[in-house]
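> Okay, here's the structure, questions in a sec.
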Amino acid sequence: MAFPLTLHTRSTIEDGSLRRSVADSIVEWDDTVRVIDLAAEVDGEMATVELLVAGPNEPKPAWRLASGIERRFGGAVDLRLLYQRNELFAVSVR
């Protein structure tokens with residue numbers, strides 16, 4: 001059956017394109033963050049992205065990242081972003 005395979009192939013290509021759009025947008029949004037986890041899928045006209053990143057600075061506005069993904073991907077984006085701050089405390093008491 002060619003039809004289900006065609007739909008699966010198209011979905012895989014769209015998901016791959018979305019992941020590339022997310023990766024490129026993250027670098028533009030904040031090139032100091034590290035991606036810990038990324039889940040991205042396309043369902044019809046809506047792209048859904050769940051993202052966990054860690055960085056040394058205060059997080060930049062999430063809407064900027066969502067706008068960058070939308071611009072690159074070319075469609076509506078629902079972004080769920082969790083930002084963890086890298087903080088290291090070293091203490092010596094004598």
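Each chain in the structure tokens gets a letter, A, B and so on, in the order shown; residues start at 1 in every chain, and ligands are counted from 1 in the order they appear.
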Compile the contact shell of segment 14-27 of chain A as a PyMOL selection string: residues with an atom at most 10 Å away, counting only C-alpha atoms, same-chain residues fewer than 5 positions apart removed.
chain A and resi 8-9+32-35+38-43+47-49+51+53+64-75+77
> Output the selection as a CSV table (one decimal), in the first residue's frame - N, CA and C atoms for each residue.

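Result written to again38.csv:
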chain,number,residue,atom,x,y,z
A,8,HIS,N,3.4,8.5,5.9
A,8,HIS,CA,4.5,8.3,6.9
A,8,HIS,C,5.8,9.1,6.4
A,9,THR,N,6.1,9.0,5.1
A,9,THR,CA,7.3,9.6,4.6
A,9,THR,C,7.1,11.2,4.7
A,32,THR,N,24.3,30.5,23.7
A,32,THR,CA,25.0,30.0,24.9
A,32,THR,C,24.2,28.8,25.5
A,33,VAL,N,23.0,28.5,25.0
A,33,VAL,CA,22.3,27.4,25.6
A,33,VAL,C,22.6,26.1,25.0
A,34,ARG,N,22.4,25.0,25.8
A,34,ARG,CA,22.6,23.6,25.4
A,34,ARG,C,21.3,22.9,25.4
A,35,VAL,N,21.0,22.2,24.4
A,35,VAL,CA,19.7,21.5,24.3
A,35,VAL,C,19.9,20.2,25.1
A,38,LEU,N,14.6,17.5,23.2
A,38,LEU,CA,13.8,18.1,22.2
A,38,LEU,C,12.8,17.1,21.7
A,39,ALA,N,11.5,17.5,21.7
A,39,ALA,CA,10.4,16.7,21.1
A,39,ALA,C,9.7,17.6,20.1
A,40,ALA,N,9.6,17.2,18.9
A,40,ALA,CA,9.0,18.1,17.9
A,40,ALA,C,8.2,17.2,16.9
A,41,GLU,N,6.9,17.7,16.6
A,41,GLU,CA,6.1,16.9,15.7
A,41,GLU,C,5.2,17.9,15.0
A,42,VAL,N,4.8,17.5,13.8
A,42,VAL,CA,3.8,18.3,13.0
A,42,VAL,C,2.5,17.5,13.0
A,43,ASP,N,1.4,18.1,13.3
A,43,ASP,CA,0.1,17.5,13.2
A,43,ASP,C,-0.8,18.4,12.4
A,47,ALA,N,2.6,22.9,14.4
A,47,ALA,CA,3.8,22.2,14.9
A,47,ALA,C,3.9,22.4,16.4
A,48,THR,N,4.2,21.3,17.1
A,48,THR,CA,4.3,21.3,18.5
A,48,THR,C,5.8,21.0,18.9
A,49,VAL,N,6.3,21.8,19.7
A,49,VAL,CA,7.7,21.7,20.1
A,49,VAL,C,7.8,21.7,21.7
A,51,LEU,N,10.7,21.6,24.6
A,51,LEU,CA,12.2,21.9,24.6
A,51,LEU,C,12.7,22.1,26.0
A,53,VAL,N,16.2,23.3,27.7
A,53,VAL,CA,17.5,23.8,27.5
A,53,VAL,C,18.2,24.3,28.8
A,64,ARG,N,10.3,35.0,21.4
A,64,ARG,CA,11.3,35.2,20.3
A,64,ARG,C,11.7,33.9,19.7
A,65,LEU,N,11.9,32.9,20.5
A,65,LEU,CA,12.3,31.6,20.0
A,65,LEU,C,11.1,31.0,19.2
A,66,ALA,N,9.9,31.1,19.7
A,66,ALA,CA,8.7,30.6,19.0
A,66,ALA,C,8.6,31.3,17.6
A,67,SER,N,8.8,32.6,17.6
A,67,SER,CA,8.7,33.4,16.3
A,67,SER,C,9.7,33.0,15.3
A,68,GLY,N,10.9,32.7,15.8
A,68,GLY,CA,12.0,32.2,14.9
A,68,GLY,C,11.7,30.9,14.3
A,69,ILE,N,11.1,30.0,15.2
A,69,ILE,CA,10.8,28.7,14.7
A,69,ILE,C,9.7,28.8,13.6
A,70,GLU,N,8.7,29.6,13.9
A,70,GLU,CA,7.5,29.8,13.0
A,70,GLU,C,8.0,30.4,11.7
A,71,ARG,N,8.9,31.3,11.7
A,71,ARG,CA,9.4,32.0,10.5
A,71,ARG,C,10.2,30.9,9.7
A,72,ARG,N,11.1,30.2,10.3
A,72,ARG,CA,11.9,29.2,9.6
A,72,ARG,C,11.0,28.0,9.1
A,73,PHE,N,10.1,27.5,9.9
A,73,PHE,CA,9.3,26.4,9.5
A,73,PHE,C,8.2,26.8,8.6
A,74,GLY,N,7.7,28.0,8.7
A,74,GLY,CA,6.6,28.4,7.8
A,74,GLY,C,5.2,28.0,8.2
A,75,GLY,N,5.0,27.8,9.5
A,75,GLY,CA,3.7,27.5,10.0
A,75,GLY,C,3.6,27.8,11.4
A,77,VAL,N,3.2,27.5,15.4
A,77,VAL,CA,4.1,26.7,16.4
A,77,VAL,C,3.5,26.8,17.8
> Distance atom CA of Gln84 of chain A-atom CA of Ile36 of chain A, one decimal place?
9.5 Å
> Can you list every residue in chain A that DSSP puts in strand (DSSP E or B), as a ChimeraX atom specification?
/A:34-43,46-55,76-85
> Filtering to C-alpha atoms, could you give me those residues as a PDB file, in the first residue's frame?

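This went into result-v4.pdb:
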ATOM      1  CA  ARG A  34      22.629  23.634  25.408  1.00  0.00           C
ATOM      2  CA  VAL A  35      19.709  21.473  24.302  1.00  0.00           C
ATOM      3  CA  ILE A  36      18.966  18.762  26.866  1.00  0.00           C
ATOM      4  CA  ASP A  37      15.798  17.356  25.316  1.00  0.00           C
ATOM      5  CA  LEU A  38      13.762  18.113  22.196  1.00  0.00           C
ATOM      6  CA  ALA A  39      10.435  16.686  21.073  1.00  0.00           C
ATOM      7  CA  ALA A  40       8.955  18.098  17.877  1.00  0.00           C
ATOM      8  CA  GLU A  41       6.115  16.936  15.676  1.00  0.00           C
ATOM      9  CA  VAL A  42       3.797  18.256  13.024  1.00  0.00           C
ATOM     10  CA  ASP A  43       0.091  17.517  13.229  1.00  0.00           C
ATOM     11  CA  MET A  46       0.243  22.958  13.797  1.00  0.00           C
ATOM     12  CA  ALA A  47       3.817  22.238  14.882  1.00  0.00           C
ATOM     13  CA  THR A  48       4.310  21.270  18.514  1.00  0.00           C
ATOM     14  CA  VAL A  49       7.720  21.696  20.148  1.00  0.00           C
ATOM     15  CA  GLU A  50       8.690  20.715  23.687  1.00  0.00           C
ATOM     16  CA  LEU A  51      12.164  21.856  24.584  1.00  0.00           C
ATOM     17  CA  LEU A  52      14.444  21.633  27.613  1.00  0.00           C
ATOM     18  CA  VAL A  53      17.546  23.813  27.470  1.00  0.00           C
ATOM     19  CA  ALA A  54      20.231  24.838  29.942  1.00  0.00           C
ATOM     20  CA  GLY A  55      22.269  28.004  29.866  1.00  0.00           C
ATOM     21  CA  ALA A  76       2.032  27.860  13.333  1.00  0.00           C
ATOM     22  CA  VAL A  77       4.054  26.700  16.352  1.00  0.00           C
ATOM     23  CA  ASP A  78       3.028  25.698  19.848  1.00  0.00           C
ATOM     24  CA  LEU A  79       6.202  25.951  21.984  1.00  0.00           C
ATOM     25  CA  ARG A  80       6.654  24.605  25.488  1.00  0.00           C
ATOM     26  CA  LEU A  81      10.057  25.682  26.832  1.00  0.00           C
ATOM     27  CA  LEU A  82      11.791  24.775  30.084  1.00  0.00           C
ATOM     28  CA  TYR A  83      14.986  26.722  30.774  1.00  0.00           C
ATOM     29  CA  GLN A  84      17.429  25.514  33.416  1.00  0.00           C
ATOM     30  CA  ARG A  85      20.079  27.879  34.630  1.00  0.00           C
TER      31      ARG A  85
END
> Please run DSSP on the backbone and report, as JSON, numbers by chain, all residues within chain A that come out as helix (DSSP H, G or I).
{"A": [2, 3, 4, 5, 6, 7, 8, 9, 10, 11, 12, 13, 14, 15, 16, 17, 18, 19, 20, 21, 22, 23, 24, 25, 26, 27, 28, 29, 62, 63, 64, 65, 66, 67, 68, 69, 70, 71, 72, 73]}
> Kindly give the distance, in Å, that separates atom CA of Ala62 of chain A and atom CA of Glu28 of chain A, rounded to a single decimal.
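If I compute the distance from atom CA of Ala62 of chain A to atom CA of Glu28 of chain A, I get 12.4 Å.
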> By how many Å are atom CA of Pro61 of chain A and atom CA of Gly44 of chain A apart?
26.7 Å
